[in-house]
>>> print(open('model.pdb').read())   # PDB, N, CA and C atoms and all ligand atoms
MODEL        1
ATOM      1  N   MET A1179       0.843  -1.193   0.000  1.00  0.00           N
ATOM      2  CA  MET A1179       0.000   0.000   0.000  1.00  0.00           C
ATOM      3  C   MET A1179       0.884   1.250   0.000  1.00  0.00           C
ATOM      4  N   THR A1180       0.514   2.192  -0.816  1.00  0.00           N
ATOM      5  CA  THR A1180       1.294   3.430  -0.893  1.00  0.00           C
ATOM      6  C   THR A1180       0.790   4.428   0.140  1.00  0.00           C
ATOM      7  N   THR A1181       1.714   5.053   0.821  1.00  0.00           N
ATOM      8  CA  THR A1181       1.391   6.012   1.869  1.00  0.00           C
ATOM      9  C   THR A1181       2.186   7.291   1.627  1.00  0.00           C
ATOM     10  N   ASP A1182       1.561   8.427   1.944  1.00  0.00           N
ATOM     11  CA  ASP A1182       2.309   9.688   1.986  1.00  0.00           C
ATOM     12  C   ASP A1182       2.826   9.874   3.399  1.00  0.00           C
ATOM     13  N   TYR A1183       4.090  10.130   3.532  1.00  0.00           N
ATOM     14  CA  TYR A1183       4.633  10.330   4.878  1.00  0.00           C
ATOM     15  C   TYR A1183       5.912  11.150   4.808  1.00  0.00           C
ATOM     16  N   GLN A1184       6.251  11.673   5.967  1.00  0.00           N
ATOM     17  CA  GLN A1184       7.504  12.410   6.090  1.00  0.00           C
ATOM     18  C   GLN A1184       8.422  11.666   7.035  1.00  0.00           C
ATOM     19  N   ILE A1185       9.688  11.655   6.690  1.00  0.00           N
ATOM     20  CA  ILE A1185      10.713  11.234   7.652  1.00  0.00           C
ATOM     21  C   ILE A1185      11.415  12.502   8.116  1.00  0.00           C
ATOM     22  N   ARG A1186      11.433  12.682   9.419  1.00  0.00           N
ATOM     23  CA  ARG A1186      12.143  13.832  10.003  1.00  0.00           C
ATOM     24  C   ARG A1186      13.339  13.314  10.778  1.00  0.00           C
ATOM     25  N   LEU A1187      14.468  13.837  10.446  1.00  0.00           N
ATOM     26  CA  LEU A1187      15.709  13.395  11.091  1.00  0.00           C
ATOM     27  C   LEU A1187      16.350  14.595  11.775  1.00  0.00           C
ATOM     28  N   ASP A1188      16.433  14.510  13.077  1.00  0.00           N
ATOM     29  CA  ASP A1188      17.042  15.584  13.874  1.00  0.00           C
ATOM     30  C   ASP A1188      18.544  15.300  13.972  1.00  0.00           C
ATOM     31  N   ARG A1189      19.299  15.964  13.115  1.00  0.00           N
ATOM     32  CA  ARG A1189      20.739  15.668  13.079  1.00  0.00           C
ATOM     33  C   ARG A1189      21.465  16.222  14.291  1.00  0.00           C
ATOM     34  N   ASP A1190      20.838  17.152  15.014  1.00  0.00           N
ATOM     35  CA  ASP A1190      21.418  17.612  16.286  1.00  0.00           C
ATOM     36  C   ASP A1190      21.397  16.500  17.327  1.00  0.00           C
ATOM     37  N   ALA A1191      20.332  15.701  17.300  1.00  0.00           N
ATOM     38  CA  ALA A1191      20.192  14.626  18.285  1.00  0.00           C
ATOM     39  C   ALA A1191      20.973  13.388  17.883  1.00  0.00           C
ATOM     40  N   CYS A1192      21.169  13.183  16.582  1.00  0.00           N
ATOM     41  CA  CYS A1192      21.830  11.975  16.084  1.00  0.00           C
ATOM     42  C   CYS A1192      23.227  11.838  16.665  1.00  0.00           C
ATOM     43  N   GLU A1193      23.533  10.610  17.086  1.00  0.00           N
ATOM     44  CA  GLU A1193      24.865  10.351  17.644  1.00  0.00           C
ATOM     45  C   GLU A1193      25.673   9.398  16.773  1.00  0.00           C
ATOM     46  N   GLY A1194      25.198   9.131  15.581  1.00  0.00           N
ATOM     47  CA  GLY A1194      25.973   8.295  14.662  1.00  0.00           C
ATOM     48  C   GLY A1194      26.068   6.846  15.089  1.00  0.00           C
ATOM     49  N   VAL A1195      25.037   6.348  15.734  1.00  0.00           N
ATOM     50  CA  VAL A1195      25.030   4.947  16.155  1.00  0.00           C
ATOM     51  C   VAL A1195      24.766   4.029  14.958  1.00  0.00           C
ATOM     52  N   PHE A1196      23.988   4.525  14.006  1.00  0.00           N
ATOM     53  CA  PHE A1196      23.667   3.830  12.754  1.00  0.00           C
ATOM     54  C   PHE A1196      22.838   2.574  12.925  1.00  0.00           C
ATOM     55  N   ALA A1197      22.029   2.536  13.975  1.00  0.00           N
ATOM     56  CA  ALA A1197      21.036   1.465  14.070  1.00  0.00           C
ATOM     57  C   ALA A1197      19.995   1.626  12.970  1.00  0.00           C
ATOM     58  N   CYS A1198      19.786   2.855  12.521  1.00  0.00           N
ATOM     59  CA  CYS A1198      18.765   3.101  11.498  1.00  0.00           C
ATOM     60  C   CYS A1198      19.155   2.506  10.147  1.00  0.00           C
ATOM     61  N   LEU A1199      20.442   2.487   9.834  1.00  0.00           N
ATOM     62  CA  LEU A1199      20.870   2.087   8.490  1.00  0.00           C
ATOM     63  C   LEU A1199      20.484   0.659   8.150  1.00  0.00           C
ATOM     64  N   VAL A1200      20.546  -0.216   9.147  1.00  0.00           N
ATOM     65  CA  VAL A1200      20.262  -1.623   8.860  1.00  0.00           C
ATOM     66  C   VAL A1200      18.762  -1.887   8.776  1.00  0.00           C
ATOM     67  N   ARG A1201      17.946  -0.955   9.252  1.00  0.00           N
ATOM     68  CA  ARG A1201      16.484  -1.119   9.156  1.00  0.00           C
ATOM     69  C   ARG A1201      15.933  -0.521   7.872  1.00  0.00           C
ATOM     70  N   ASP A1202      16.571   0.527   7.402  1.00  0.00           N
ATOM     71  CA  ASP A1202      16.049   1.231   6.229  1.00  0.00           C
ATOM     72  C   ASP A1202      17.250   1.804   5.492  1.00  0.00           C
ATOM     73  N   ASP A1203      17.494   1.282   4.288  1.00  0.00           N
ATOM     74  CA  ASP A1203      18.736   1.656   3.591  1.00  0.00           C
ATOM     75  C   ASP A1203      18.694   3.055   2.987  1.00  0.00           C
ATOM     76  N   ARG A1204      17.599   3.774   3.218  1.00  0.00           N
ATOM     77  CA  ARG A1204      17.607   5.181   2.803  1.00  0.00           C
ATOM     78  C   ARG A1204      18.437   6.035   3.745  1.00  0.00           C
ATOM     79  N   PHE A1205      18.624   5.532   4.966  1.00  0.00           N
ATOM     80  CA  PHE A1205      19.514   6.245   5.883  1.00  0.00           C
ATOM     81  C   PHE A1205      20.945   5.904   5.506  1.00  0.00           C
ATOM     82  N   ALA A1206      21.786   6.904   5.522  1.00  0.00           N
ATOM     83  CA  ALA A1206      23.176   6.711   5.123  1.00  0.00           C
ATOM     84  C   ALA A1206      24.069   7.566   6.016  1.00  0.00           C
ATOM     85  N   GLU A1207      25.350   7.211   6.015  1.00  0.00           N
ATOM     86  CA  GLU A1207      26.303   7.992   6.794  1.00  0.00           C
ATOM     87  C   GLU A1207      26.780   9.174   5.970  1.00  0.00           C
ATOM     88  N   ALA A1208      26.629  10.362   6.495  1.00  0.00           N
ATOM     89  CA  ALA A1208      27.111  11.558   5.806  1.00  0.00           C
ATOM     90  C   ALA A1208      28.581  11.777   6.136  1.00  0.00           C
ATOM     91  N   SER A1209      29.191  12.697   5.428  1.00  0.00           N
ATOM     92  CA  SER A1209      30.628  12.918   5.596  1.00  0.00           C
ATOM     93  C   SER A1209      30.982  13.425   6.993  1.00  0.00           C
ATOM     94  N   ASP A1210      30.000  13.950   7.725  1.00  0.00           N
ATOM     95  CA  ASP A1210      30.286  14.423   9.078  1.00  0.00           C
ATOM     96  C   ASP A1210      30.084  13.344  10.141  1.00  0.00           C
ATOM     97  N   GLY A1211      29.819  12.094   9.698  1.00  0.00           N
ATOM     98  CA  GLY A1211      29.692  11.003  10.655  1.00  0.00           C
ATOM     99  C   GLY A1211      28.311  10.859  11.253  1.00  0.00           C
ATOM    100  N   LEU A1212      27.373  11.672  10.819  1.00  0.00           N
ATOM    101  CA  LEU A1212      25.993  11.560  11.293  1.00  0.00           C
ATOM    102  C   LEU A1212      25.136  10.981  10.175  1.00  0.00           C
ATOM    103  N   ALA A1213      23.901  10.651  10.525  1.00  0.00           N
ATOM    104  CA  ALA A1213      23.016  10.060   9.522  1.00  0.00           C
ATOM    105  C   ALA A1213      22.449  11.132   8.604  1.00  0.00           C
ATOM    106  N   THR A1214      22.187  10.724   7.372  1.00  0.00           N
ATOM    107  CA  THR A1214      21.435  11.547   6.448  1.00  0.00           C
ATOM    108  C   THR A1214      20.436  10.642   5.742  1.00  0.00           C
ATOM    109  N   ILE A1215      19.557  11.217   4.978  1.00  0.00           N
ATOM    110  CA  ILE A1215      18.546  10.429   4.283  1.00  0.00           C
ATOM    111  C   ILE A1215      18.852  10.448   2.792  1.00  0.00           C
ATOM    112  N   GLY A1216      19.076   9.264   2.226  1.00  0.00           N
ATOM    113  CA  GLY A1216      19.331   9.164   0.801  1.00  0.00           C
ATOM    114  C   GLY A1216      18.028   8.990   0.044  1.00  0.00           C
ATOM    115  N   GLY A1217      18.130   8.927  -1.262  1.00  0.00           N
ATOM    116  CA  GLY A1217      16.944   8.742  -2.081  1.00  0.00           C
ATOM    117  C   GLY A1217      15.934   9.851  -1.880  1.00  0.00           C
ATOM    118  N   ARG A1218      16.439  11.039  -1.642  1.00  0.00           N
ATOM    119  CA  ARG A1218      15.546  12.140  -1.270  1.00  0.00           C
ATOM    120  C   ARG A1218      14.725  12.615  -2.450  1.00  0.00           C
ATOM    121  N   GLN A1219      13.440  12.792  -2.181  1.00  0.00           N
ATOM    122  CA  GLN A1219      12.536  13.316  -3.194  1.00  0.00           C
ATOM    123  C   GLN A1219      12.098  14.694  -2.723  1.00  0.00           C
ATOM    124  N   GLY A1220      12.995  15.609  -2.786  1.00  0.00           N
ATOM    125  CA  GLY A1220      12.695  16.917  -2.207  1.00  0.00           C
ATOM    126  C   GLY A1220      12.935  16.854  -0.719  1.00  0.00           C
ATOM    127  N   GLY A1221      12.868  17.969  -0.075  1.00  0.00           N
ATOM    128  CA  GLY A1221      13.109  17.988   1.356  1.00  0.00           C
ATOM    129  C   GLY A1221      13.724  19.308   1.740  1.00  0.00           C
ATOM    130  N   SER A1222      13.913  19.498   3.007  1.00  0.00           N
ATOM    131  CA  SER A1222      14.452  20.768   3.459  1.00  0.00           C
ATOM    132  C   SER A1222      15.404  20.542   4.615  1.00  0.00           C
ATOM    133  N   ASP A1223      16.330  21.440   4.751  1.00  0.00           N
ATOM    134  CA  ASP A1223      17.268  21.453   5.866  1.00  0.00           C
ATOM    135  C   ASP A1223      16.989  22.682   6.694  1.00  0.00           C
ATOM    136  N   GLU A1224      16.489  22.485   7.878  1.00  0.00           N
ATOM    137  CA  GLU A1224      16.264  23.642   8.752  1.00  0.00           C
ATOM    138  C   GLU A1224      16.805  23.316  10.121  1.00  0.00           C
ATOM    139  N   ASP A1225      17.730  24.126  10.601  1.00  0.00           N
ATOM    140  CA  ASP A1225      18.279  23.916  11.938  1.00  0.00           C
ATOM    141  C   ASP A1225      18.693  22.468  12.155  1.00  0.00           C
ATOM    142  N   ASP A1226      19.318  21.912  11.158  1.00  0.00           N
ATOM    143  CA  ASP A1226      19.800  20.534  11.249  1.00  0.00           C
ATOM    144  C   ASP A1226      18.687  19.509  11.344  1.00  0.00           C
ATOM    145  N   GLU A1227      17.451  19.887  11.075  1.00  0.00           N
ATOM    146  CA  GLU A1227      16.410  18.871  10.959  1.00  0.00           C
ATOM    147  C   GLU A1227      16.131  18.639   9.479  1.00  0.00           C
ATOM    148  N   LEU A1228      16.320  17.400   9.058  1.00  0.00           N
ATOM    149  CA  LEU A1228      16.011  17.027   7.677  1.00  0.00           C
ATOM    150  C   LEU A1228      14.569  16.568   7.633  1.00  0.00           C
ATOM    151  N   VAL A1229      13.794  17.114   6.729  1.00  0.00           N
ATOM    152  CA  VAL A1229      12.401  16.686   6.560  1.00  0.00           C
ATOM    153  C   VAL A1229      12.224  16.272   5.106  1.00  0.00           C
ATOM    154  N   VAL A1230      11.937  15.004   4.892  1.00  0.00           N
ATOM    155  CA  VAL A1230      11.843  14.490   3.539  1.00  0.00           C
ATOM    156  C   VAL A1230      10.496  13.791   3.370  1.00  0.00           C
ATOM    157  N   THR A1231       9.808  14.127   2.290  1.00  0.00           N
ATOM    158  CA  THR A1231       8.501  13.534   2.017  1.00  0.00           C
ATOM    159  C   THR A1231       8.646  12.382   1.029  1.00  0.00           C
ATOM    160  N   PHE A1232       7.993  11.284   1.343  1.00  0.00           N
ATOM    161  CA  PHE A1232       7.997  10.123   0.459  1.00  0.00           C
ATOM    162  C   PHE A1232       6.560   9.705   0.163  1.00  0.00           C
ATOM    163  N   THR A1233       6.358   9.136  -1.009  1.00  0.00           N
ATOM    164  CA  THR A1233       5.094   8.476  -1.339  1.00  0.00           C
ATOM    165  C   THR A1233       5.454   7.102  -1.870  1.00  0.00           C
ATOM    166  N   ASP A1234       5.354   6.105  -1.006  1.00  0.00           N
ATOM    167  CA  ASP A1234       5.724   4.751  -1.428  1.00  0.00           C
ATOM    168  C   ASP A1234       5.176   3.756  -0.404  1.00  0.00           C
ATOM    169  N   ASP A1235       5.655   2.510  -0.496  1.00  0.00           N
ATOM    170  CA  ASP A1235       5.138   1.466   0.401  1.00  0.00           C
ATOM    171  C   ASP A1235       6.165   1.078   1.464  1.00  0.00           C
ATOM    172  N   ARG A1236       7.021   2.034   1.815  1.00  0.00           N
ATOM    173  CA  ARG A1236       8.129   1.695   2.728  1.00  0.00           C
ATOM    174  C   ARG A1236       8.009   2.345   4.095  1.00  0.00           C
ATOM    175  N   VAL A1237       6.801   2.789   4.466  1.00  0.00           N
ATOM    176  CA  VAL A1237       6.661   3.478   5.745  1.00  0.00           C
ATOM    177  C   VAL A1237       7.006   2.555   6.919  1.00  0.00           C
ATOM    178  N   ALA A1238       6.755   1.247   6.779  1.00  0.00           N
ATOM    179  CA  ALA A1238       7.053   0.324   7.876  1.00  0.00           C
ATOM    180  C   ALA A1238       8.554   0.280   8.147  1.00  0.00           C
ATOM    181  N   GLU A1239       9.343   0.331   7.083  1.00  0.00           N
ATOM    182  CA  GLU A1239      10.800   0.331   7.256  1.00  0.00           C
ATOM    183  C   GLU A1239      11.246   1.602   7.970  1.00  0.00           C
ATOM    184  N   ALA A1240      10.654   2.716   7.572  1.00  0.00           N
ATOM    185  CA  ALA A1240      11.006   3.986   8.215  1.00  0.00           C
ATOM    186  C   ALA A1240      10.648   3.951   9.698  1.00  0.00           C
ATOM    187  N   ARG A1241       9.507   3.355  10.016  1.00  0.00           N
ATOM    188  CA  ARG A1241       9.094   3.269  11.425  1.00  0.00           C
ATOM    189  C   ARG A1241      10.039   2.369  12.218  1.00  0.00           C
ATOM    190  N   GLN A1242      10.500   1.299  11.585  1.00  0.00           N
ATOM    191  CA  GLN A1242      11.458   0.422  12.271  1.00  0.00           C
ATOM    192  C   GLN A1242      12.752   1.175  12.563  1.00  0.00           C
ATOM    193  N   ALA A1243      13.190   1.959  11.609  1.00  0.00           N
ATOM    194  CA  ALA A1243      14.401   2.756  11.835  1.00  0.00           C
ATOM    195  C   ALA A1243      14.179   3.741  12.976  1.00  0.00           C
ATOM    196  N   ALA A1244      13.006   4.357  13.002  1.00  0.00           N
ATOM    197  CA  ALA A1244      12.707   5.325  14.061  1.00  0.00           C
ATOM    198  C   ALA A1244      12.706   4.645  15.422  1.00  0.00           C
ATOM    199  N   ARG A1245      12.119   3.447  15.482  1.00  0.00           N
ATOM    200  CA  ARG A1245      12.076   2.731  16.762  1.00  0.00           C
ATOM    201  C   ARG A1245      13.465   2.300  17.203  1.00  0.00           C
ATOM    202  N   ALA A1246      14.323   1.994  16.238  1.00  0.00           N
ATOM    203  CA  ALA A1246      15.652   1.491  16.567  1.00  0.00           C
ATOM    204  C   ALA A1246      16.591   2.589  17.042  1.00  0.00           C
ATOM    205  N   CYS A1247      16.281   3.821  16.720  1.00  0.00           N
ATOM    206  CA  CYS A1247      17.195   4.919  17.059  1.00  0.00           C
ATOM    207  C   CYS A1247      17.224   5.128  18.573  1.00  0.00           C
ATOM    208  N   PRO A1248      18.386   4.999  19.180  1.00  0.00           N
ATOM    209  CA  PRO A1248      18.455   5.081  20.645  1.00  0.00           C
ATOM    210  C   PRO A1248      18.240   6.486  21.194  1.00  0.00           C
ATOM    211  N   VAL A1249      18.341   7.484  20.341  1.00  0.00           N
ATOM    212  CA  VAL A1249      18.185   8.859  20.847  1.00  0.00           C
ATOM    213  C   VAL A1249      16.927   9.532  20.269  1.00  0.00           C
ATOM    214  N   ASP A1250      16.059   8.729  19.650  1.00  0.00           N
ATOM    215  CA  ASP A1250      14.794   9.263  19.112  1.00  0.00           C
ATOM    216  C   ASP A1250      15.008  10.433  18.155  1.00  0.00           C
ATOM    217  N   ALA A1251      16.015  10.295  17.300  1.00  0.00           N
ATOM    218  CA  ALA A1251      16.299  11.375  16.354  1.00  0.00           C
ATOM    219  C   ALA A1251      15.411  11.305  15.113  1.00  0.00           C
ATOM    220  N   ILE A1252      14.657  10.213  14.964  1.00  0.00           N
ATOM    221  CA  ILE A1252      13.863  10.013  13.746  1.00  0.00           C
ATOM    222  C   ILE A1252      12.374  10.026  14.089  1.00  0.00           C
ATOM    223  N   ASP A1253      11.620  10.811  13.353  1.00  0.00           N
ATOM    224  CA  ASP A1253      10.161  10.809  13.454  1.00  0.00           C
ATOM    225  C   ASP A1253       9.592  10.440  12.102  1.00  0.00           C
ATOM    226  N   VAL A1254       8.547   9.653  12.121  1.00  0.00           N
ATOM    227  CA  VAL A1254       7.827   9.334  10.884  1.00  0.00           C
ATOM    228  C   VAL A1254       6.408   9.855  11.048  1.00  0.00           C
ATOM    229  N   VAL A1255       6.013  10.734  10.139  1.00  0.00           N
ATOM    230  CA  VAL A1255       4.711  11.387  10.235  1.00  0.00           C
ATOM    231  C   VAL A1255       3.910  11.026   9.000  1.00  0.00           C
ATOM    232  N   THR A1256       2.766  10.370   9.199  1.00  0.00           N
ATOM    233  CA  THR A1256       1.902  10.063   8.057  1.00  0.00           C
ATOM    234  C   THR A1256       0.872  11.164   7.913  1.00  0.00           C
ATOM    235  N   GLU A1257       0.618  11.521   6.665  1.00  0.00           N
ATOM    236  CA  GLU A1257      -0.273  12.654   6.416  1.00  0.00           C
ATOM    237  C   GLU A1257      -1.711  12.215   6.226  1.00  0.00           C
ATOM    238  N   ALA A1258      -1.916  10.925   5.989  1.00  0.00           N
ATOM    239  CA  ALA A1258      -3.272  10.445   5.736  1.00  0.00           C
ATOM    240  C   ALA A1258      -3.865   9.770   6.975  1.00  0.00           C
ATOM    241  N   ALA A1259      -3.296  10.076   8.130  1.00  0.00           N
ATOM    242  CA  ALA A1259      -3.675   9.362   9.352  1.00  0.00           C
ATOM    243  C   ALA A1259      -5.137   9.537   9.725  1.00  0.00           C
ATOM    244  N   ASP A1260      -5.736  10.665   9.369  1.00  0.00           N
ATOM    245  CA  ASP A1260      -7.095  10.923   9.851  1.00  0.00           C
ATOM    246  C   ASP A1260      -8.162  10.690   8.780  1.00  0.00           C
ATOM    247  N   GLU A1261      -7.823   9.946   7.748  1.00  0.00           N
ATOM    248  CA  GLU A1261      -8.842   9.645   6.731  1.00  0.00           C
ATOM    249  C   GLU A1261      -9.750   8.521   7.173  1.00  0.00           C
TER     250      GLU A1261
HETATM  251  S1  LIG U   1      19.936   5.400  14.702  1.00  0.00           S
HETATM  252 FE1  LIG U   1      19.576   7.503  15.374  1.00  0.00          FE
HETATM  253  S2  LIG U   1      21.500   8.120  16.341  1.00  0.00           S
HETATM  254 FE2  LIG U   1      21.908   6.332  15.098  1.00  0.00          FE
HETATM  255  S3  LIG U   1      22.581   7.157  13.135  1.00  0.00           S
HETATM  256 FE3  LIG U   1      20.401   6.752  12.975  1.00  0.00          FE
HETATM  257  S4  LIG U   1      19.471   8.717  13.489  1.00  0.00           S
HETATM  258 FE4  LIG U   1      21.558   8.795  14.222  1.00  0.00          FE
ENDMDL
END
>>> encode(input="model.pdb", output="structure tokens")
Amino acid sequence: MTTDYQIRLDRDACEGVFACLVRDDRFAEASDGLATIGGRQGGSDEDDELVVTFTDDRVAEARQAARACPVDAIDVVTEAADE
């Protein structure tokens, strides 16, 4: 099932543990040793928070990455939640 959702990555909170990478391969190590989001379809950088919107069937993987993050640096927000 295709879902519209955002992945929000707080790079200020990220500690480079990389538990997220093995759950969802869109997360990658950036040159500064912190996580970034690959495969970006648009997005914005504000105050070190990456917000990237996806429309696909991979929201479960993103949620697993969010749950695995020991510092809660990842949020997954679905936009169709109240339909
Ligand atoms: S699991 Fe969390 S702390 Fe670790 S790299 Fe990913 S976002 Fe950063």
>>> resolve_selection(input="model.pdb", expression="the PyMOL selection byres (((chain A and resi 1186-1193) around 6.5) and not hetatm)", output="PyMOL selection string")
chain A and resi 1184-1185+1194-1196+1211-1213+1225-1230+1249+1251-1255
>>> atom_distance(input="model.pdb", atom1="atom C of Ser1209 (chain A)", atom2="atom C of Ala1243 (chain A)")
20.3 Å
>>> atom_distance(input="model.pdb", atom1="atom FE2 of ligand LIG 1 (chain U)", atom2="CA of Arg1236 (chain A)")
19.1 Å
>>> closest_residue(input="model.pdb", among="A:Gly1216, A:Thr1181, A:Arg1201, A:Ala1206", to="Arg1241 (chain A)", atoms="all atoms listed in the file")
A:Arg1201
>>> closest_residue(input="model.pdb", among="A:Glu1239, A:Ile1215, A:Cys1198, A:Phe1205", to="ligand LIG 1 (chain U)", atoms="only C-alpha atoms and all ligand atoms")
A:Cys1198
>>> atom_distance(input="model.pdb", atom1="CA of Asp1210 (chain A)", atom2="atom N of Ala1238 (chain A)")
27.1 Å
>>> select_by_dssp(input="model.pdb", residues="chain A", states="strand (DSSP E or B)", output="ChimeraX atom specification")
/A:1181-1188,1205-1207,1213-1215,1222-1224,1227-1234,1252-1256
>>> resolve_selection(input="model.pdb", expression="the PyMOL selection byres (((chain A and resi 1182) around 8) and not hetatm)", output="ChimeraX atom specification")
/A:1179-1181,1183-1185,1231-1235,1237,1255-1259
>>> select_by_dssp(input="model.pdb", residues="region 1195-1257 of chain A", states="alpha helix (DSSP H)", output="JSON, numbers by chain")
{"A": [1197, 1198, 1199, 1200, 1201, 1237, 1238, 1239, 1240, 1241, 1242, 1243, 1244, 1245, 1246]}
>>> axis_aligned_box(input="model.pdb", around="ligand LIG 1 (chain U)", padding_each_side="5 Å", output="JSON")
{"center_x": 21.0, "center_y": 7.1, "center_z": 14.7, "size_x": 13.1, "size_y": 13.4, "size_z": 13.4}
>>> build_atoms(input="model.pdb", residues="region 1187-1194 of chain A", atoms="all heavy atoms", output="short mmCIF file (atom, residue, chain, number, x, y, z; two decimals), in the frame of the given file")
data_model
loop_
_atom_site.label_atom_id
_atom_site.label_comp_id
_atom_site.auth_asym_id
_atom_site.auth_seq_id
_atom_site.Cartn_x
_atom_site.Cartn_y
_atom_site.Cartn_z
N LEU A 1187 14.47 13.84 10.45
CA LEU A 1187 15.71 13.40 11.09
C LEU A 1187 16.35 14.60 11.78
O LEU A 1187 16.72 15.58 11.12
CB LEU A 1187 16.66 12.81 10.03
CG LEU A 1187 18.07 12.48 10.48
CD1 LEU A 1187 18.08 11.40 11.56
CD2 LEU A 1187 18.91 12.03 9.30
N ASP A 1188 16.43 14.51 13.08
CA ASP A 1188 17.04 15.58 13.87
C ASP A 1188 18.54 15.30 13.97
O ASP A 1188 18.98 14.49 14.78
CB ASP A 1188 16.40 15.61 15.26
CG ASP A 1188 16.97 16.73 16.13
OD1 ASP A 1188 17.95 17.37 15.71
OD2 ASP A 1188 16.42 16.94 17.22
N ARG A 1189 19.30 15.96 13.12
CA ARG A 1189 20.74 15.67 13.08
C ARG A 1189 21.46 16.22 14.29
O ARG A 1189 22.58 15.80 14.61
CB ARG A 1189 21.36 16.19 11.78
CG ARG A 1189 20.70 15.55 10.56
CD ARG A 1189 21.40 15.87 9.26
NE ARG A 1189 22.58 15.04 9.05
CZ ARG A 1189 23.82 15.47 9.12
NH1 ARG A 1189 24.08 16.74 9.40
NH2 ARG A 1189 24.84 14.65 8.91
N ASP A 1190 20.84 17.15 15.01
CA ASP A 1190 21.42 17.61 16.29
C ASP A 1190 21.40 16.50 17.33
O ASP A 1190 22.30 16.38 18.15
CB ASP A 1190 20.62 18.80 16.84
CG ASP A 1190 21.19 20.12 16.35
OD1 ASP A 1190 22.32 20.11 15.82
OD2 ASP A 1190 20.50 21.13 16.51
N ALA A 1191 20.33 15.70 17.30
CA ALA A 1191 20.19 14.63 18.28
C ALA A 1191 20.97 13.39 17.88
O ALA A 1191 21.40 12.61 18.73
CB ALA A 1191 18.72 14.27 18.45
N CYS A 1192 21.17 13.18 16.58
CA CYS A 1192 21.83 11.98 16.08
C CYS A 1192 23.23 11.84 16.66
O CYS A 1192 23.99 12.79 16.71
CB CYS A 1192 21.92 12.04 14.55
SG CYS A 1192 22.84 10.69 13.82
N GLU A 1193 23.53 10.61 17.09
CA GLU A 1193 24.86 10.35 17.64
C GLU A 1193 25.67 9.40 16.77
O GLU A 1193 26.69 8.88 17.21
CB GLU A 1193 24.73 9.79 19.07
CG GLU A 1193 24.18 10.84 20.02
CD GLU A 1193 24.16 10.38 21.45
OE1 GLU A 1193 24.38 9.18 21.69
OE2 GLU A 1193 23.93 11.22 22.32
N GLY A 1194 25.20 9.13 15.58
CA GLY A 1194 25.97 8.30 14.66
C GLY A 1194 26.07 6.85 15.09
O GLY A 1194 27.06 6.18 14.84
#
